[in-house]
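entry.txt follows (compact mmCIF, C-alpha atoms):
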# COMPACT_ATOMS: atom_id res chain seq x y z
CA MET A 110 108.73 137.05 53.02
CA GLN A 111 106.45 135.92 50.24
CA GLU A 112 109.22 136.56 47.73
CA PHE A 113 111.58 134.30 49.67
CA LEU A 114 108.97 131.57 49.90
CA LEU A 115 108.28 131.68 46.18
CA LEU A 116 111.99 131.63 45.41
CA MET A 117 112.50 128.61 47.64
CA VAL A 118 109.57 126.65 46.21
CA GLY A 119 110.72 127.62 42.74
CA SER A 120 114.26 126.34 43.22
CA ALA A 121 113.26 123.22 45.17
CA LEU A 122 110.30 121.96 43.12
CA VAL A 123 109.69 123.87 39.89
CA ASN A 124 113.31 124.03 38.76
CA ASN A 125 114.51 121.01 40.70
CA PHE A 126 118.29 120.89 40.52
CA VAL A 127 118.51 117.24 39.55
CA LEU A 128 115.33 116.50 37.64
CA VAL A 129 114.89 119.73 35.69
CA ARG A 130 118.29 121.45 35.62
CA PHE A 131 120.40 118.25 35.37
CA LEU A 132 122.91 119.34 38.00
CA GLY A 133 124.36 116.72 40.31
CA ILE A 134 123.47 113.70 38.18
CA CYS A 135 126.53 111.77 39.37
CA PRO A 136 125.51 111.53 43.05
CA PHE A 137 121.90 111.06 41.93
CA LEU A 138 122.90 107.86 40.11
CA GLY A 139 125.89 106.89 42.25
CA VAL A 140 124.88 107.40 45.91
CA THR A 141 121.21 106.40 45.89
CA ARG A 142 121.33 102.77 46.93
CA GLN A 143 120.08 103.47 50.47
CA VAL A 144 117.85 106.24 51.80
CA ASP A 145 120.17 106.99 54.77
CA THR A 146 123.24 107.63 52.64
CA ALA A 147 121.18 109.54 50.07
CA VAL A 148 119.84 111.89 52.75
CA GLY A 149 123.34 112.25 54.23
CA MET A 150 124.76 113.11 50.83
CA GLY A 151 121.91 115.56 50.22
CA ALA A 152 122.41 117.27 53.58
CA ALA A 153 126.19 117.54 53.09
CA THR A 154 125.71 118.93 49.58
CA THR A 155 123.10 121.45 50.78
CA PHE A 156 125.48 122.58 53.50
CA VAL A 157 128.36 123.13 51.07
CA MET A 158 126.00 124.71 48.51
CA ILE A 159 124.86 127.41 50.96
CA ILE A 160 128.41 128.21 52.08
CA SER A 161 129.80 128.30 48.56
CA ALA A 162 126.89 130.43 47.29
CA VAL A 163 127.57 133.00 50.03
CA VAL A 164 131.35 133.00 49.54
CA THR A 165 131.34 133.13 45.73
CA TRP A 166 128.58 135.77 45.77
CA SER A 167 130.67 137.96 48.10
CA ILE A 168 133.82 137.49 46.04
CA TYR A 169 131.98 138.34 42.83
CA LYS A 170 130.19 141.36 44.30
CA TYR A 171 133.08 142.93 46.22
CA VAL A 172 136.21 141.79 44.36
CA LEU A 173 135.58 140.70 40.79
CA ASP A 174 132.76 142.97 39.67
CA PRO A 175 134.11 146.34 40.99
CA ASN A 176 137.51 145.65 39.39
CA ASN A 177 136.10 144.55 36.00
CA LEU A 178 137.46 141.05 36.56
CA ALA A 179 134.16 139.24 35.97
CA PHE A 180 135.78 137.24 33.14
CA LEU A 181 137.90 135.47 35.79
CA GLN A 182 134.83 134.03 37.52
CA ILE A 183 135.23 130.44 36.29
CA VAL A 184 138.86 130.21 37.44
CA VAL A 185 138.19 131.94 40.75
CA PHE A 186 135.00 130.02 41.57
CA ILE A 187 136.46 126.57 40.97
CA LEU A 188 139.51 127.35 43.12
CA VAL A 189 137.39 128.88 45.88
CA ILE A 190 135.09 125.85 45.90
CA ALA A 191 138.00 123.38 45.99
CA VAL A 192 139.59 125.24 48.91
CA LEU A 193 136.24 125.69 50.63
CA VAL A 194 135.38 121.99 50.64
CA GLN A 195 138.78 121.15 52.17
CA PHE A 196 138.29 123.92 54.71
CA VAL A 197 134.78 122.79 55.68
CA GLU A 198 136.15 119.27 56.12
CA MET A 199 138.91 120.50 58.47
CA VAL A 200 136.60 122.76 60.47
CA LEU A 201 133.98 120.04 60.87
CA LYS A 202 136.61 117.54 61.97
CA LYS A 203 137.85 119.97 64.64
CA LEU A 204 134.61 121.53 65.87
CA SER A 205 131.96 118.88 65.51
CA PRO A 206 133.19 115.31 65.31
CA ALA A 207 129.58 114.07 65.33
CA LEU A 208 128.68 116.13 62.28
CA TYR A 209 131.95 115.07 60.65
CA ARG A 210 131.10 111.41 61.13
CA ALA A 211 127.74 112.03 59.46
CA PHE A 212 128.97 114.26 56.59
CA GLY A 213 132.70 113.64 56.41
CA ILE A 214 132.75 110.75 53.98
CA PHE A 215 130.63 112.68 51.48
CA LEU A 216 132.80 115.79 51.41
CA PRO A 217 135.59 114.49 49.14
CA LEU A 218 132.89 113.50 46.63
CA ILE A 219 131.42 116.99 46.59
CA THR A 220 134.31 119.00 45.12
CA THR A 221 133.70 117.90 41.54
CA ASN A 222 129.92 117.99 41.93
CA CYS A 223 128.50 120.29 39.29
CA ALA A 224 125.66 121.32 41.61
CA ILE A 225 128.10 123.33 43.72
CA MET A 226 129.75 125.12 40.80
CA GLY A 227 126.28 125.41 39.22
CA ILE A 228 124.82 127.27 42.18
CA ALA A 229 127.74 129.71 42.25
CA LEU A 230 127.28 130.49 38.54
CA LEU A 231 123.46 130.66 38.73
CA VAL A 232 123.43 133.03 41.71
CA VAL A 233 125.80 135.41 39.92
CA SER A 234 124.09 135.18 36.53
CA LYS A 235 120.67 135.88 38.06
CA ASP A 236 122.07 138.93 39.89
CA TYR A 237 120.51 137.93 43.23
CA SER A 238 120.90 139.88 46.47
CA LEU A 239 122.66 138.03 49.29
CA GLY A 240 119.36 137.13 50.99
CA ASN A 241 117.93 135.79 47.75
CA ALA A 242 121.14 133.86 47.07
CA VAL A 243 120.93 132.13 50.46
CA VAL A 244 117.24 131.29 50.07
CA PHE A 245 117.83 130.08 46.51
CA SER A 246 120.65 127.76 47.58
CA ILE A 247 118.64 126.40 50.53
CA GLY A 248 115.77 125.64 48.16
CA ALA A 249 118.10 124.10 45.60
CA GLY A 250 119.71 121.96 48.29
CA LEU A 251 116.33 120.80 49.61
CA GLY A 252 115.24 119.92 46.08
CA PHE A 253 118.48 118.01 45.53
CA THR A 254 118.03 116.09 48.80
CA LEU A 255 114.39 115.39 47.97
CA ALA A 256 115.27 113.95 44.54
CA LEU A 257 118.04 111.78 46.01
CA ALA A 258 115.82 110.54 48.84
CA ILE A 259 112.91 109.63 46.53
CA MET A 260 115.27 107.88 44.13
CA ALA A 261 116.89 105.91 46.96
CA GLY A 262 113.49 104.93 48.33
CA ILE A 263 112.39 103.58 44.96
CA ARG A 264 115.70 101.78 44.41
CA GLU A 265 115.45 100.10 47.83
CA GLU A 266 112.09 98.67 46.75
CA LEU A 267 113.53 97.70 43.35
CA GLU A 268 115.88 95.28 45.12
CA PHE A 269 112.86 92.97 45.47
CA ALA A 270 111.58 93.45 41.94
CA ASP A 271 112.28 91.06 39.11
CA ILE A 272 113.99 93.30 36.58
CA PRO A 273 115.41 91.97 33.29
CA PRO A 274 119.19 91.67 33.77
CA SER A 275 120.06 94.16 31.05
CA LEU A 276 117.85 96.84 32.64
CA LYS A 277 119.38 96.43 36.08
CA GLY A 278 121.38 99.26 37.66
CA THR A 279 121.82 102.58 35.90
CA SER A 280 119.42 101.85 33.05
CA VAL A 281 116.35 101.37 35.21
CA ALA A 282 117.50 104.24 37.45
CA LEU A 283 117.51 106.58 34.45
CA LEU A 284 114.06 105.42 33.35
CA ILE A 285 112.72 106.01 36.87
CA ALA A 286 114.39 109.43 36.86
CA GLY A 287 112.48 110.14 33.65
CA LEU A 288 109.18 109.30 35.33
CA MET A 289 110.12 111.39 38.39
CA SER A 290 111.03 114.27 36.13
CA LEU A 291 107.66 113.89 34.40
CA ALA A 292 105.97 114.10 37.81
CA PHE A 293 107.99 117.18 38.73
CA MET A 294 106.85 118.85 35.50
CA GLY A 295 103.49 118.99 37.24
CA PHE A 296 104.93 121.67 39.53
CA SER A 297 105.78 123.92 36.61
CA GLY A 298 102.66 126.08 36.96
CA LEU A 299 103.15 126.50 40.70
CA VAL A 300 105.37 129.57 40.64
CA ALA A 301 105.84 131.96 37.74
CA MET A 302 109.62 132.29 37.46
CA MET B 161 152.44 105.00 14.36
CA ARG B 162 150.42 102.11 15.76
CA VAL B 163 150.66 103.60 19.23
CA TYR B 164 149.03 106.83 18.03
CA TRP B 165 146.25 104.92 16.30
CA GLY B 166 145.55 103.05 19.54
CA ASP B 167 145.43 106.32 21.49
CA LEU B 168 143.07 107.86 18.95
CA ILE B 169 140.48 105.11 18.67
CA ARG B 170 140.44 104.17 22.35
CA GLY B 171 138.24 107.15 23.19
CA LEU B 172 135.88 106.60 20.28
CA TRP B 173 134.37 103.38 21.59
CA LYS B 174 136.42 101.17 23.93
CA GLU B 175 136.72 103.85 26.61
CA ASN B 176 134.00 106.19 25.32
CA ALA B 177 133.28 108.74 28.02
CA ILE B 178 129.50 108.53 27.73
CA PHE B 179 128.66 105.09 26.38
CA ARG B 180 131.27 103.08 28.32
CA MET B 181 132.41 105.13 31.31
CA MET B 182 129.22 107.20 31.81
CA ILE B 183 131.08 110.33 32.88
CA GLY B 184 129.94 113.84 32.08
CA MET B 185 126.31 112.83 32.53
CA CYS B 186 125.11 116.33 33.46
CA PRO B 187 125.94 118.00 30.11
CA THR B 188 124.95 114.80 28.28
CA LEU B 189 121.40 115.00 29.61
CA ALA B 190 121.12 118.78 29.63
CA VAL B 191 122.35 119.98 26.24
CA THR B 192 121.17 117.20 23.92
CA THR B 193 117.86 118.87 23.04
CA SER B 194 119.06 119.07 19.44
CA ALA B 195 121.88 117.68 17.32
CA ILE B 196 123.50 121.08 16.83
CA ASN B 197 123.51 121.81 20.58
CA GLY B 198 125.13 118.44 21.24
CA PHE B 199 127.65 119.09 18.47
CA THR B 200 128.59 122.53 19.82
CA MET B 201 128.99 121.18 23.35
CA GLY B 202 131.09 118.27 22.04
CA VAL B 203 133.38 120.58 20.08
CA ALA B 204 133.71 122.99 23.02
CA THR B 205 134.62 120.14 25.39
CA THR B 206 137.07 118.68 22.85
CA ALA B 207 138.76 122.08 22.45
CA VAL B 208 139.23 122.43 26.21
CA LEU B 209 140.45 118.84 26.50
CA VAL B 210 142.99 119.11 23.66
CA CYS B 211 144.37 122.50 24.75
CA SER B 212 144.70 121.56 28.41
CA SER B 213 146.24 118.16 27.56
CA LEU B 214 148.77 119.93 25.33
CA LEU B 215 149.76 122.46 27.99
CA ILE B 216 149.86 119.94 30.84
CA SER B 217 151.90 117.50 28.77
CA VAL B 218 154.41 120.20 27.76
CA PHE B 219 154.92 121.22 31.38
CA ARG B 220 154.54 117.74 32.88
CA ASN B 221 158.13 117.67 34.19
CA VAL B 222 157.95 121.18 35.65
CA ILE B 223 154.67 120.93 37.61
CA PRO B 224 155.44 119.83 41.21
CA LYS B 225 153.71 116.57 42.11
CA GLN B 226 152.10 117.92 45.29
CA VAL B 227 150.22 120.78 43.63
CA ARG B 228 149.46 119.12 40.31
CA ILE B 229 145.67 118.93 40.79
CA PRO B 230 145.20 122.68 41.52
CA VAL B 231 147.50 123.45 38.57
CA PHE B 232 145.43 121.19 36.27
CA ILE B 233 142.23 122.87 37.48
CA VAL B 234 143.57 126.37 36.78
CA VAL B 235 144.74 125.33 33.31
CA ILE B 236 141.37 123.73 32.51
CA ALA B 237 139.43 126.69 33.92
CA THR B 238 141.47 129.11 31.80
CA PHE B 239 140.68 127.24 28.59
CA VAL B 240 137.02 126.96 29.59
CA THR B 241 136.95 130.75 29.98
CA ILE B 242 138.45 131.17 26.51
CA VAL B 243 135.98 128.72 24.95
CA ASP B 244 133.08 130.40 26.77
CA MET B 245 134.05 133.77 25.32
CA LEU B 246 134.59 132.32 21.83
CA LEU B 247 131.16 130.67 21.81
CA ALA B 248 129.51 133.86 23.08
CA ALA B 249 131.13 135.78 20.22
CA LEU B 250 130.72 133.23 17.41
CA VAL B 251 127.40 131.47 18.09
CA PRO B 252 125.53 133.66 20.62
CA ALA B 253 122.20 131.88 20.13
CA ILE B 254 123.58 128.41 20.95
CA HIS B 255 125.74 129.84 23.74
CA LYS B 256 122.57 131.13 25.36
CA VAL B 257 120.83 127.73 25.09
CA LEU B 258 123.85 125.89 26.55
CA GLY B 259 123.81 128.39 29.42
CA ILE B 260 125.80 127.46 32.51
CA PHE B 261 126.84 124.14 30.98
CA VAL B 262 129.65 125.87 29.07
CA PRO B 263 131.36 127.13 32.26
CA LEU B 264 130.52 123.78 33.85
CA ILE B 265 132.90 122.05 31.39
CA VAL B 266 135.43 122.85 34.10
CA VAL B 267 133.89 120.22 36.43
CA ASN B 268 133.55 117.58 33.69
CA CYS B 269 135.60 114.85 35.31
CA MET B 270 136.62 113.42 31.90
CA ILE B 271 139.03 116.35 31.42
CA LEU B 272 140.67 116.15 34.84
CA ALA B 273 140.80 112.37 34.55
CA ARG B 274 142.68 112.54 31.21
CA ALA B 275 145.04 115.18 32.59
CA GLU B 276 145.81 113.05 35.63
CA ALA B 277 145.90 109.64 33.96
CA PHE B 278 147.43 110.47 30.59
CA ALA B 279 148.68 113.99 29.80
CA SER B 280 150.73 114.34 32.99
CA LYS B 281 152.69 111.17 32.12
CA MET B 282 152.88 110.97 28.33
CA PRO B 283 154.76 112.87 25.59
CA VAL B 284 153.01 115.78 23.89
CA MET B 285 151.99 114.12 20.61
CA ARG B 286 150.48 111.09 22.33
CA SER B 287 148.59 113.30 24.80
CA ILE B 288 147.08 115.35 21.98
CA THR B 289 146.07 112.21 20.06
CA ASP B 290 144.46 110.78 23.18
CA ALA B 291 142.64 114.06 23.86
CA VAL B 292 141.33 114.26 20.28
CA GLY B 293 140.08 110.66 20.47
CA MET B 294 138.42 111.16 23.85
CA GLY B 295 136.90 114.49 22.77
CA PHE B 296 135.51 113.09 19.51
CA GLY B 297 134.15 110.10 21.41
CA PHE B 298 132.30 112.50 23.72
CA ALA B 299 131.16 114.65 20.78
CA TRP B 300 129.74 111.87 18.61
CA ALA B 301 127.84 110.48 21.57
CA LEU B 302 126.30 113.91 22.24
CA VAL B 303 125.41 114.32 18.54
CA LEU B 304 123.79 110.86 18.48
CA ILE B 305 121.68 111.50 21.58
CA GLY B 306 120.86 115.01 20.36
CA SER B 307 119.81 113.66 16.96
CA LEU B 308 117.56 111.01 18.49
CA ARG B 309 115.82 113.54 20.72
CA GLU B 310 115.54 116.14 17.98
CA LEU B 311 114.22 113.57 15.48
CA LEU B 312 111.44 112.41 17.78
CA GLY B 313 110.82 115.83 19.31
CA THR B 314 110.61 117.87 16.11
CA GLY B 315 110.66 115.38 13.23
CA GLY B 316 114.06 116.43 11.89
CA VAL B 317 117.80 116.40 12.56
CA PHE B 318 120.03 119.50 12.36
CA GLY B 319 116.85 121.42 11.49
CA ILE B 320 116.17 119.34 8.34
CA ASN B 321 112.75 117.70 8.38
CA LEU B 322 113.03 113.93 7.90
CA LEU B 323 109.75 112.43 9.09
CA GLY B 324 107.42 114.43 6.87
CA ALA B 325 104.63 116.87 7.64
CA ASN B 326 102.25 114.25 9.06
CA PHE B 327 104.53 113.36 11.96
CA VAL B 328 103.20 114.57 15.31
CA PRO B 329 106.27 115.70 17.32
CA TRP B 330 106.79 114.04 20.70
CA MET B 331 107.22 117.23 22.68
CA ILE B 332 108.31 115.27 25.75
CA MET B 333 111.59 114.30 24.07
CA LEU B 334 112.76 117.92 24.21
CA LYS B 335 111.80 118.26 27.88
CA PRO B 336 113.88 116.92 30.82
CA PRO B 337 112.01 113.56 31.07
CA GLY B 338 112.92 112.86 27.44
CA ALA B 339 116.60 113.15 28.28
CA PHE B 340 116.42 110.65 31.14
CA ILE B 341 114.29 108.17 29.19
CA THR B 342 116.45 108.36 26.03
CA MET B 343 119.63 107.82 28.03
CA GLY B 344 118.03 105.00 30.02
CA LEU B 345 117.05 103.19 26.83
CA ILE B 346 120.52 103.73 25.32
CA VAL B 347 122.16 102.20 28.40
CA PHE B 348 119.65 99.33 28.14
CA ALA B 349 120.61 98.76 24.50
CA ILE B 350 124.34 98.79 25.29
CA ASN B 351 123.77 96.29 28.11
CA LEU B 352 121.75 94.05 25.76
CA ILE B 353 124.54 94.07 23.15
CA GLY B 354 127.17 93.50 25.83
CA MET B 355 125.27 90.49 27.18
CA ALA B 356 124.79 88.99 23.72
CA GLN B 357 128.53 89.38 23.09
CA SER B 358 129.42 87.87 26.43
CA ARG B 359 127.32 84.81 25.64
CA LYS B 360 129.35 84.40 22.46
CA THR B 361 132.83 85.12 23.80
CA GLY B 362 132.35 84.02 27.41
CA ARG B 363 133.72 87.33 28.70
CA LEU B 364 131.75 88.67 31.64
CA HIS B 365 129.59 91.70 30.92
CA ARG B 366 129.01 94.23 33.69
CA ASN B 367 126.08 96.61 33.38
CA LEU B 368 127.12 100.22 32.78
CA ALA B 369 127.49 102.47 35.81
CA PRO B 370 128.85 106.00 36.17
CA ALA B 371 132.62 105.61 36.59
CA CYS B 372 133.58 108.78 38.45
CA HIS B 373 131.24 108.75 41.34
CA SER B 374 130.68 105.12 42.13
CA GLN B 375 134.43 104.48 42.33
CA GLY B 376 134.72 107.39 44.74
CA ALA B 377 131.76 106.05 46.69
CA GLN B 378 133.29 102.58 46.83
CA ARG B 379 136.55 104.00 48.06
CA GLU B 380 134.71 105.84 50.81
CA GLY B 381 132.76 102.68 51.61
CA ILE B 382 129.23 103.94 51.04
Could you show the structure in this file as structure tokens?
Amino acid sequence: MQEFLLLMVGSALVNNFVLVRFLGICPFLGVTRQVDTAVGMGAATTFVMIISAVVTWSIYKYVLDPNNLAFLQIVVFILVIAVLVQFVEMVLKKLSPALYRAFGIFLPLITTNCAIMGIALLVVSKDYSLGNAVVFSIGAGLGFTLALAIMAGIREELEFADIPPSLKGTSVALLIAGLMSLAFMGFSGLVAM
Amino acid sequence: MRVYWGDLIRGLWKENAIFRMMIGMCPTLAVTTSAINGFTMGVATTAVLVCSSLLISVFRNVIPKQVRIPVFIVVIATFVTIVDMLLAALVPAIHKVLGIFVPLIVVNCMILARAEAFASKMPVMRSITDAVGMGFGFAWALVLIGSLRELLGTGGVFGINLLGANFVPWMIMLKPPGAFITMGLIVFAINLIGMAQSRKTGRLHRNLAPACHSQGAQREGI
């Protein structure tokens, strides 16, 4: 239990996916104008992250690794993720229209998100067990959502600030991300990874 | 000949992936801890881009329209695998530092965008020229950012000390916050120059924004 907790805190705060590992920078800069959409995007990404971590882990463990096909992992993972996102979209549409209305619009944006491919590669390269892989991806997703939500909150307030025109938009967002990243460095002693 | 020249230089500045389009931000921020890391990443990405543009352009009339995107992805992923193995064999130390960002070249939207917008429509020679220009544009941007961070973070570039022994290294430049702040200031500088130019020429300047995602977001209406 303690191991799981440490792993989750480690992947959510200490090695935050966006602010420390630089995965998922595109949605971090692109979909953080409002807190609602940022949280929606974060939740949708977390959802897909967990599913794709489980699926790619299983494929690696039971198909690729036993047959000495580990060198195919990049090709296989990217195809699996592309199919998976489409599949999740179809299933959600059919089974839970409410959830689809909340997540649906974010799903097409998720396929080329490096956070999804990143989690598949990280889970395999760290040689996690299935339980650890799930906990790790939940933590990573929570950290991703947290970073997006904080960023969106700050940017909502920035609407009322008098920023020099040439700093407006992405420039000031990157500078704020730098300060957030600096703050997150404070977590680095929290868990020994 | 002029057409090739246009294809080549377009990627270097006018449509530079990092400084104009702001795509491929993840590797840009992650691997630019030193000039040599940025250089290696730039060369690796260029290699994948040129090879996949070549192959896609050769087979552009054979690939069925409906399945073109999956085909492009498989082609790109194959070349990424080859480059990953080459780097692991030739420069193991740098390969280890770049880590998962070598396999993640496969999700760099610059490569898929060039395949879709250019290589799948244009003759082979033009596609290669375009890919070389785009790749070098990406590479020089990575080397520039890497050099800036390495210079302030260690006092030298490419491992050669430039600022003398009395310089106190700014450790933060090598850490994640340094990447965000450096990139933020670069975008600020490009916006400043763009605004000064627009005052002179009267052409409207729009502040830089990541091209891939915000267009997708606009299309989806969020």
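Atom to atom, atom CA of B:Ala253 and atom CA of A:Gly119 stand 25.7 Å apart.
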Residues near B:Trp173, cut-off 9 Å, only C-alpha atoms, skip fewer than 6 positions along chain, as a ChimeraX atom specification = /B:179-180,297
Give me the chain B side of the contact with chain A, cut-off 9 Å, one line per residue showing its nearest atom pair and distance in Å at one decimal, counting only C-alpha atoms, sorted by chain and residue number, as a Markdown table.
| residue | atom | partner | partner_atom | distance |
| --- | --- | --- | --- | --- |
| B:Ile183 | CA | A:Cys135 | CA | 8.1 |
| B:Gly184 | CA | A:Cys135 | CA | 8.3 |
| B:Met185 | CA | A:Ile134 | CA | 6.4 |
| B:Cys186 | CA | A:Phe131 | CA | 5.4 |
| B:Pro187 | CA | A:Phe131 | CA | 7.6 |
| B:Leu189 | CA | A:Phe131 | CA | 6.7 |
| B:Ala190 | CA | A:Phe131 | CA | 5.8 |
| B:Pro230 | CA | A:Leu188 | CA | 7.5 |
| B:Ile233 | CA | A:Ile187 | CA | 7.7 |
| B:Val234 | CA | A:Val184 | CA | 6.1 |
| B:Val235 | CA | A:Val184 | CA | 8.7 |
| B:Ile236 | CA | A:Val184 | CA | 8.5 |
| B:Ala237 | CA | A:Val184 | CA | 5.0 |
| B:Thr238 | CA | A:Val184 | CA | 6.3 |
| B:Val240 | CA | A:Ile183 | CA | 7.8 |
| B:Thr241 | CA | A:Ile183 | CA | 6.5 |
| B:Met245 | CA | A:Phe180 | CA | 8.7 |
| B:Ile260 | CA | A:Leu230 | CA | 6.9 |
| B:Phe261 | CA | A:Gly227 | CA | 8.4 |
| B:Pro263 | CA | A:Ile183 | CA | 6.5 |
| B:Leu264 | CA | A:Cys223 | CA | 6.8 |
| B:Val266 | CA | A:Ile187 | CA | 7.9 |
| B:Val267 | CA | A:Thr221 | CA | 5.6 |
| B:Asn268 | CA | A:Thr221 | CA | 7.9 |
| B:Cys269 | CA | A:Thr221 | CA | 7.2 |
| B:Ile332 | CA | A:Leu291 | CA | 8.8 |
| B:Lys335 | CA | A:Val129 | CA | 8.5 |
| B:Pro336 | CA | A:Val129 | CA | 5.7 |
| B:Pro337 | CA | A:Gly287 | CA | 4.3 |
| B:Gly338 | CA | A:Gly287 | CA | 6.8 |
| B:Ala339 | CA | A:Gly287 | CA | 7.4 |
| B:Phe340 | CA | A:Gly287 | CA | 4.7 |
| B:Ile341 | CA | A:Leu284 | CA | 5.0 |
| B:Thr342 | CA | A:Leu284 | CA | 8.2 |
| B:Met343 | CA | A:Leu283 | CA | 6.9 |
| B:Gly344 | CA | A:Ser280 | CA | 4.6 |
| B:Leu345 | CA | A:Ser280 | CA | 6.8 |
| B:Ile346 | CA | A:Ser280 | CA | 8.0 |
| B:Val347 | CA | A:Ser280 | CA | 5.4 |
| B:Phe348 | CA | A:Leu276 | CA | 5.4 |
| B:Ala349 | CA | A:Ser275 | CA | 8.0 |
| B:Ile350 | CA | A:Ser275 | CA | 8.5 |
| B:Asn351 | CA | A:Ser275 | CA | 5.2 |
| B:Leu352 | CA | A:Ser275 | CA | 5.6 |
| B:Gly354 | CA | A:Ser275 | CA | 8.8 |
| B:Met355 | CA | A:Ser275 | CA | 7.5 |
| B:Asn367 | CA | A:Gly278 | CA | 6.9 |
| B:Leu368 | CA | A:Thr279 | CA | 6.6 |
| B:Ala369 | CA | A:Thr279 | CA | 5.7 |
| B:Pro370 | CA | A:Gly139 | CA | 6.8 |
| B:Ala371 | CA | A:Gly139 | CA | 8.9 |
| B:Cys372 | CA | A:Cys135 | CA | 7.7 |
| B:His373 | CA | A:Gly139 | CA | 5.7 |
| B:Ser374 | CA | A:Gly139 | CA | 5.1 |
| B:Gln375 | CA | A:Gly139 | CA | 8.9 |
| B:Gly376 | CA | A:Leu218 | CA | 6.7 |
| B:Ala377 | CA | A:Val140 | CA | 7.1 |
| B:Glu380 | CA | A:Ile214 | CA | 6.2 |
| B:Gly381 | CA | A:Ile214 | CA | 8.4 |
| B:Ile382 | CA | A:Thr146 | CA | 7.2 |
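The space separating atom CA of A:Met110 from atom CA of A:Asn125 comes to 21.0 Å.
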Can you tell me, as a count of residues only, which residues sit within 7 Å of (120.2, 121.9, 49.1) in the file's frame, using all atoms listed in the file?
-> 15
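Atom CA of A:Ile159 lies 16.4 Å from atom CA of A:Leu208.
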Find the axis-aligned box for stretch 167-185 of chain B, covering all its listed atoms and adding 5 Å on each side, and write its centre and edge lengths in Å to one decimal as AutoDock Vina command-line options.
--center_x 135.9 --center_y 107.5 --center_z 25.8 --size_x 29.1 --size_y 22.7 --size_z 24.2
